[in-house]
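Written out below as C-alpha cells is the structure these notes cover.
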Amino acid sequence: MSADTQQTPLQLERATTIFEKGSPGRRAFRAPELDVPAVDGLLPEGARRAEPPRLPEASEPEIVRHYVNLSKRNFDLDSGFYPLGSCTMKHNPRLHERVAALPGHARLHPLQDPLRAQGALELMFNLQESLAEIAGLPHVSLQPSAGSHGELAGVLLTRAYHADRGEQRTKVLTPDSAHGTNPATVTMGGYEVVKVALDDAGGVDLDDLRAKTDENVACLMLTNPSTLGIFDPNVEEMAKIVHGVGATLYYDGANLNAIMGYSRPGDMGFDIVHFNLHKTFTQPHGGGGPGAGPIAVSDRIEPYLPRPQVVRRAPANGGPPTFDLDDDRPKSIGKLRGFQGNYGVFVRTYAYIRSLGAEGLKDVSEVSVLNANYLLARLREKVGDRLPLAFGERCMHEFVLSGAVMKKELGIRTVDLAKRLLDHGYHPPTVYFPLVVDEALLIEPTETETRETLDAFADAIAAIVAEAEEDPDIARNAPYTTPVRRLDEAGAAKRPRVRERLARSGDDA
Amino acid sequence: MAGYTAVTPEDLATMLDAIGVGSIAELFAAIPAGVRLDRTIDLPPGEPEQAVYAELRRLAARNVSAEDEITFLGAGMYDHYVPAIVDMLMSRSEYLTPYTPYQPEVSQGGLQVMFEYQTAISELTGLPVSNASVYEGPSAVGAAAYMAKLANKRARVLISRGVHPHTRATLETLAVGYGSEIVEIALDDALTDLEALRDALCDEVGAVVLQQPNFLGAIEDVQAICDAAHEHGALVICAADPLTLGVLEAPGNQGVDVCVGEGQSLGNRLDFGGPSFGFFAATERHLRSMPGRIAGETTDVDGRRGFVLTLQTREQHIRREKATSNICTSQALNALGGVVYLSWLGRQGIVEIGELMLQRTHYARETLAAIDGVSKLHDRPVVREFALRLDVDGDGGLRRVLERCATAGVNAGFALGSEYDEYRDGLLVAITEQRSRADIDRLAEVLAVAVAAERDAAEVTA
C-alpha cells in the first residue's frame, strides 16, 4: 500500500489558458448569413462598443483539445472514491442526463404558456408531492436554487410569519456544529445569530437551548443528523422548547440521505425544511453547481411561500387535471429568483425518485448508514488510536474523526493526511469541519460505494499513518503525483490575480 | 427496484459483523420512537431504467419547446443555438461529477476554467474583477445590492421600471432581509426617466439599478445614469444581456460599478428557466466584498503555475455570520458552458452575432410595425428585442391573437400586460441568430392574419 512520490507527466506541462492559445483571426463560429438588408446607424452615438472584447481566437479543434486536456487535471467521482463529508458524493446515473437533454425539457422556454408546458408542470407538481411526502410536510416550493438559497427562503418565511402576527423578533439560534451557510444566511435575513452549545454526546445542549430561547427568538436552525453524523435524540424536546416561545424550527436537509423512510423532519416538529437535490437526489455536483434547494413547509408557513406555486386544477366536468402557475399569493414573500427554479435539476430528481421508489429511497439511507459504520469500524480497527471518533460509538451516514492525537504523536496534521490521500488516488474527506472538532476529518462514503472500495480506503489511511510513524515528512510534503503540488494560497490572497493578462488592443495586430 | 447500491448478502453479513451489530435496524436505534416513521413512504414503486425513460419522454412530449414551434419568446431567456462542443464538454465526467474545488491539487481543471471564465466576463463587461458565478440573473441583482449596502452603508436602492419584473420582485424579496428600501424609477417613453432619477437621488441612496438593454428592449443611456448616480455617491448596478456586449459598449466603460446578469444566452439551454448561471463583475475596490467563489492564480511549491479558490475569508465556510454572502453551491458547470461558448464565438463572433441580431431585429420591427393594427410601442434604438402595440381589445384580445399565432406554429412573444398594467396591449418580440428572415416573414404573415381576425371579431361583437 505504498504510494508514489515520483513526478508524473502532467506535472511537466505549464498551465496555459485558452487566452494564450489560438492566433489573431482564427475562429470556430460561423455566423448565419445576413439575410436582411443591412442598415447603418441603428445604434445611438456612444452606445456602440469601441473595442471588441478580447475573447479567445481559436479553432474548434483547439478549443476541444484545450478543455479536454484541462479536464484531465480534475479528480472526479466517476473515476474514484470521493468521501467528502456533508456533500453526499453519490453516483450520478447517466439516465438523468439523457432525459434532462430531451428537447421537450431542455428547449422549453420558462415563459411558455402553461397550457403548452403541461408536461413540465405535471413533473414539478408530482415532484412537490413526492418531496412533501419524504419530508412529512404538506407544502413545497421548488424555487430556491441551492441549499443556502433554501435557507434564505426559510429565514424570510420565518420573518413573514412573525410579521403577519405583528411580531418583530431579532434572533436565530444555530448550534456550534452548523454549516457556515446557516449563520451567513441569518445575517442576510436580518437576524442576529445566537450560538447554542453542544453537550458531551455531540447533541444540542438542552440547558443552553432553554437559556437562550426567549420571545425574541424567531427560529432554530438545525441539521439532524448533525454534521457530526449523530442523530440528536432530543429533537422532540427541542421542538417543544422552540415552539413554546412561538418560534419556528428550520431543518437543514444536507444530511437527509441518512433517514429517508425512517424518520421525517415534519414528524420531528420542523416547520421548514430544505432539500439539497444535488446531495440526496444525485444531481451531479458540476464542480460547484448547479444544485437546487426546494423547501417543504407546514400549514402555518404555507401562505408565505414564494410565488408562483405549481398547482393542479381539476376541471368541473371530471376530465383530466391541468397544471398551472399560481402567482396570486397575497401573503407570499415574493420571488427568490427569476422564473420557476432549476427545472433541469427537477427532471433529474424526478427520474431518480421514479427509479428508486419508496423502497429504493429507504435502501439508500440504510446502505449509506451501513457503509459509514462499516468504514468507521475498519478505521477504528486499523488506526483507532491515532484517529479516534470525535463523539459516540456509531454514526449515521457520516462520521467525524479527530486528527488531534495524530498531530501530537506523529507530527502530521489532518491536512497532511488529506494531501497524502491524493497520492493514493482518493479525494480526501472534508477537513477542518465541523469546527467543534480539533483537526476534524468528516467522512461520508455514501450508499453507492462497494465494500471493496471502503476496505481499500481504510487500508490507504492505515498506510499513511504507518508511513508517518516512520517518516512524517512524506505526508507533510505530499502530494507528489498530482498535476500541481501544494499551492501558495496565502500568496494568492495577498496579491490577487483573478484574470488572465491580455495583450492591449492593437498589440496583437 | 432500480438502485445503485451494491450490498450482497455476503457483504451484509461481513459488514454487520465488523460493526458488531445484528441488523441494519440497530444502526437506526438512535432515532427515538416518537419521531420514527411506522409505515412505508407513500410513493409509487421504483421502475427499471427504460420505464423511467419512457415516462420522462411522455412528459417531454406534453411540452411545446423551441424545437416544436418558431418562437419569438424572450423576456430574459433566449433560444440561441448551443454548439455541440458545449454539450460534449459539460457532460464529461471530469467536469460533471466533482464538487467545489476544495483540494486544488486535484482540481486544476475546474479552477482554471473558473479563471478563464472570470477573464472572459471581465472582458465582456469591461470590469476588472469577476467571480466564478452566482445562481442566475435576478438574484444576482439582489446580491449586488447587498454588496452595495455593505460598501456604503446606505439603505435605499433605486431601481428602474425598465428592469426585468422578476428582478425587481426578487430584489424586493431579498431586500426585506437586509433591510434596504426599494424605490422604483418610472420610465419615460421606454427609457429610465432621468429627471425622475435625479429627483430621487440623494445621499441616502446606496445604489441605482438599471438593465441594458431594458425589459422593453430599449438601449439605456448608461453613461448619463452613472453620472447622475455618482454625483450622490451611489453605486450603479447594471443587469446586462451578455450576448449584446459585442456591439453595445461595455458597462464598465460607461461608469457602471457592478455588472451582473443572466448568463443563459451564453451556451446554456432554456431548461424551462434553469439551471443557467448569473455573472457578477465589479470594479477593483469591491473584490474583497464580492459574493461567491473566486479563482486566483498562484504557484505550487515547485514553482509551477496553478490556481486556487482565493479570498475565501469573504465566504460563509470561513467567516460564517460575518460572510459577505451565504452562497455556497453556485453554477460552476453552467459557467463552464459559458466560457466554452464564448471561446467558440470568439473575438470576432461576439461582434458578428450581435450585428446579426441588430439587423434582423430592425428588419423584424419594421416589418411587423407595418401590419395593419400593429405599431411600435416605442421608437428607441433596440438590439435584440422590441415592443409592439397591438390595436386589439385589451389583454383579452392580445391573448386571443397569441393563441391564433400559436395554433399556426408561431410563438409571437411575451404579452407585456401580465407584468405592466400600462402596456396591456404590448407584445415583446425577441430575435436570436436562430430566427431567420423567413421565420420573421412567417411571423408577420401569421400575426397579420391573427390581428385582422381579432379586429373583425370585435367589430362583429360591437
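A note on labels: chains of the C-alpha cells are A, B, ... as shown, every chain counts residues from 1, and ligands are counted from 1 in their shown order.
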Go through segment 122-234 of chain B and collect every residue that DSSP, computed from the backbone, puts in helix (DSSP H, G or I); the answer should be as JSON, numbers by chain.
{"B": [122, 123, 124, 125, 137, 138, 139, 140, 141, 142, 143, 144, 145, 146, 147, 148, 149, 150, 151, 152, 165, 166, 167, 168, 169, 170, 171, 172, 173, 174, 175, 176, 177, 178, 194, 195, 196, 197, 198, 199, 200, 222, 223, 224, 225, 226, 227, 228, 229, 230, 231]}
Using only C-alpha atoms, which protein or nucleic acid residues come within 9 Å of Glu57 of chain A? Drop anything in the same chain fewer than 4 positions from it, and give the result as a PDB file with N, CA and C atoms, in the first residue's frame.
ATOM      1  N   ILE A  18      -6.838  29.341 -22.342  1.00  0.00           N
ATOM      2  CA  ILE A  18      -7.382  29.442 -23.701  1.00  0.00           C
ATOM      3  C   ILE A  18      -7.011  30.791 -24.328  1.00  0.00           C
ATOM      4  N   PHE A  19      -6.766  31.786 -23.476  1.00  0.00           N
ATOM      5  CA  PHE A  19      -6.417  33.115 -23.987  1.00  0.00           C
ATOM      6  C   PHE A  19      -4.992  33.150 -24.537  1.00  0.00           C
ATOM      7  N   LYS A  21      -3.840  30.592 -26.242  1.00  0.00           N
ATOM      8  CA  LYS A  21      -3.842  29.702 -27.403  1.00  0.00           C
ATOM      9  C   LYS A  21      -4.457  30.412 -28.600  1.00  0.00           C
ATOM     10  N   GLY A  22      -4.505  29.716 -29.730  1.00  0.00           N
ATOM     11  CA  GLY A  22      -5.076  30.316 -30.916  1.00  0.00           C
ATOM     12  C   GLY A  22      -4.171  31.378 -31.516  1.00  0.00           C
ATOM     13  N   SER A  23      -4.757  32.166 -32.406  1.00  0.00           N
ATOM     14  CA  SER A  23      -3.979  33.160 -33.128  1.00  0.00           C
ATOM     15  C   SER A  23      -4.957  34.197 -33.676  1.00  0.00           C
ATOM     16  N   PRO A  24      -4.536  35.476 -33.781  1.00  0.00           N
ATOM     17  CA  PRO A  24      -5.477  36.501 -34.255  1.00  0.00           C
ATOM     18  C   PRO A  24      -6.109  36.108 -35.590  1.00  0.00           C
ATOM     19  N   GLY A  25      -7.397  36.218 -35.665  1.00  0.00           N
ATOM     20  CA  GLY A  25      -8.111  35.892 -36.902  1.00  0.00           C
ATOM     21  C   GLY A  25      -8.657  34.489 -36.937  1.00  0.00           C
ATOM     22  N   ARG A  26      -8.208  33.638 -36.024  1.00  0.00           N
ATOM     23  CA  ARG A  26      -8.694  32.251 -36.011  1.00  0.00           C
ATOM     24  C   ARG A  26     -10.079  32.199 -35.371  1.00  0.00           C
ATOM     25  N   ARG A  27     -10.878  31.191 -35.755  1.00  0.00           N
ATOM     26  CA  ARG A  27     -12.248  31.164 -35.262  1.00  0.00           C
ATOM     27  C   ARG A  27     -12.872  29.772 -35.316  1.00  0.00           C
ATOM     28  N   ALA A  28     -13.936  29.597 -34.566  1.00  0.00           N
ATOM     29  CA  ALA A  28     -14.730  28.366 -34.613  1.00  0.00           C
ATOM     30  C   ALA A  28     -16.129  28.667 -35.152  1.00  0.00           C
TER      31      ALA A  28
ATOM     32  N   SER B 343     -15.551  31.117 -26.046  1.00  0.00           N
ATOM     33  CA  SER B 343     -14.346  30.758 -26.808  1.00  0.00           C
ATOM     34  C   SER B 343     -14.717  30.358 -28.227  1.00  0.00           C
ATOM     35  N   TRP B 344     -15.814  29.637 -28.340  1.00  0.00           N
ATOM     36  CA  TRP B 344     -16.308  29.186 -29.651  1.00  0.00           C
ATOM     37  C   TRP B 344     -16.734  30.384 -30.498  1.00  0.00           C
ATOM     38  N   LEU B 345     -17.451  31.320 -29.849  1.00  0.00           N
ATOM     39  CA  LEU B 345     -17.882  32.520 -30.553  1.00  0.00           C
ATOM     40  C   LEU B 345     -16.661  33.362 -30.932  1.00  0.00           C
ATOM     41  N   GLY B 346     -15.778  33.573 -29.966  1.00  0.00           N
ATOM     42  CA  GLY B 346     -14.530  34.269 -30.235  1.00  0.00           C
ATOM     43  C   GLY B 346     -14.684  35.770 -30.370  1.00  0.00           C
ATOM     44  N   ARG B 347     -13.546  36.396 -30.522  1.00  0.00           N
ATOM     45  CA  ARG B 347     -13.489  37.857 -30.544  1.00  0.00           C
ATOM     46  C   ARG B 347     -14.261  38.464 -31.714  1.00  0.00           C
ATOM     47  N   GLN B 348     -14.217  37.797 -32.846  1.00  0.00           N
ATOM     48  CA  GLN B 348     -14.990  38.313 -33.993  1.00  0.00           C
ATOM     49  C   GLN B 348     -16.455  37.893 -33.905  1.00  0.00           C
TER      50      GLN B 348
END
Find the residue from A:Pro388, A:Pro103, A:Gly293, A:Pro284 that sits nearest to Ala254 of chain A; use only C-alpha atoms when measuring.
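Once distances to Ala254 of chain A are computed over only C-alpha atoms, the minimum belongs to A:Gly293.
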Can you tell me, as number ranges by chain, what residues are no more than 10 Å from Glu469 of chain A when counting only C-alpha atoms, ignoring any on the same chain fewer than 3 positions away?
A: 406, 409-412, 463-466, 472
Just the selected residues (C-alpha atoms), exported as a compact mmCIF listing (two decimals), in the first residue's frame, please.
# COMPACT_ATOMS: atom_id res chain seq x y z
CA MET A 406 -2.12 12.06 15.18
CA GLU A 409 2.04 11.95 18.38
CA LEU A 410 3.09 11.68 14.75
CA GLY A 411 3.56 15.31 13.86
CA ILE A 412 1.28 15.25 10.85
CA ALA A 463 -0.74 3.04 5.23
CA ILE A 464 -0.38 6.80 5.54
CA VAL A 465 -0.45 6.64 9.32
CA ALA A 466 2.09 3.80 9.30
CA PRO A 472 6.26 12.18 8.88
note - atom CA of Pro83 of chain B and atom CA of Ser79 of chain A are separated by 26.6 Å
Using atom CA of Pro320 of chain A and atom CA of Ser130 of chain A as the two end points, give the distance in Å to one decimal.
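Distance between the two atoms: 20.1 Å.
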When distances are computed from only C-alpha atoms, which of B:Leu89, B:Ala448, B:Leu111, B:Val82 shows the smallest separation from Asn74 of chain A?
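Nearest to Asn74 of chain A: B:Leu111.
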Do you have the atom CA of Ala358 of chain A-atom CA of Met396 of chain A distance handy?
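Between atom CA of Ala358 of chain A and atom CA of Met396 of chain A the gap is 19.6 Å.
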Give the answer as one residue: which of B:Tyr53, B:Phe72, B:Tyr95, B:Tyr363 has the shortest atom-to-atom distance to Val410 of chain B, using only C-alpha atoms?
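Between B:Tyr53, B:Phe72, B:Tyr95, B:Tyr363, the residue approaching Val410 of chain B most closely is B:Phe72.
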So, counting only C-alpha atoms, which residue among B:Asp421, B:Glu454, B:Asp203, B:Glu355 is closest to Val392 of chain B?
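For Val392 of chain B, the nearest of the given residues is B:Glu454.
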Can you pull out the residues contacting Thr448 of chain A? Cut-off 6 Å, using only C-alpha atoms, and skip same-chain residues under 5 positions away; I want them as a list in words.
Lys90 of chain A; Tyr4 and Thr5 of chain B
Can you list, as a PyMOL selection string, every residue of segment 222-458 of chain A that DSSP puts in strand (DSSP E)?
chain A and resi 222+248-253+272-275+295-297+309-313+322-326+399-402+430-431+440-443
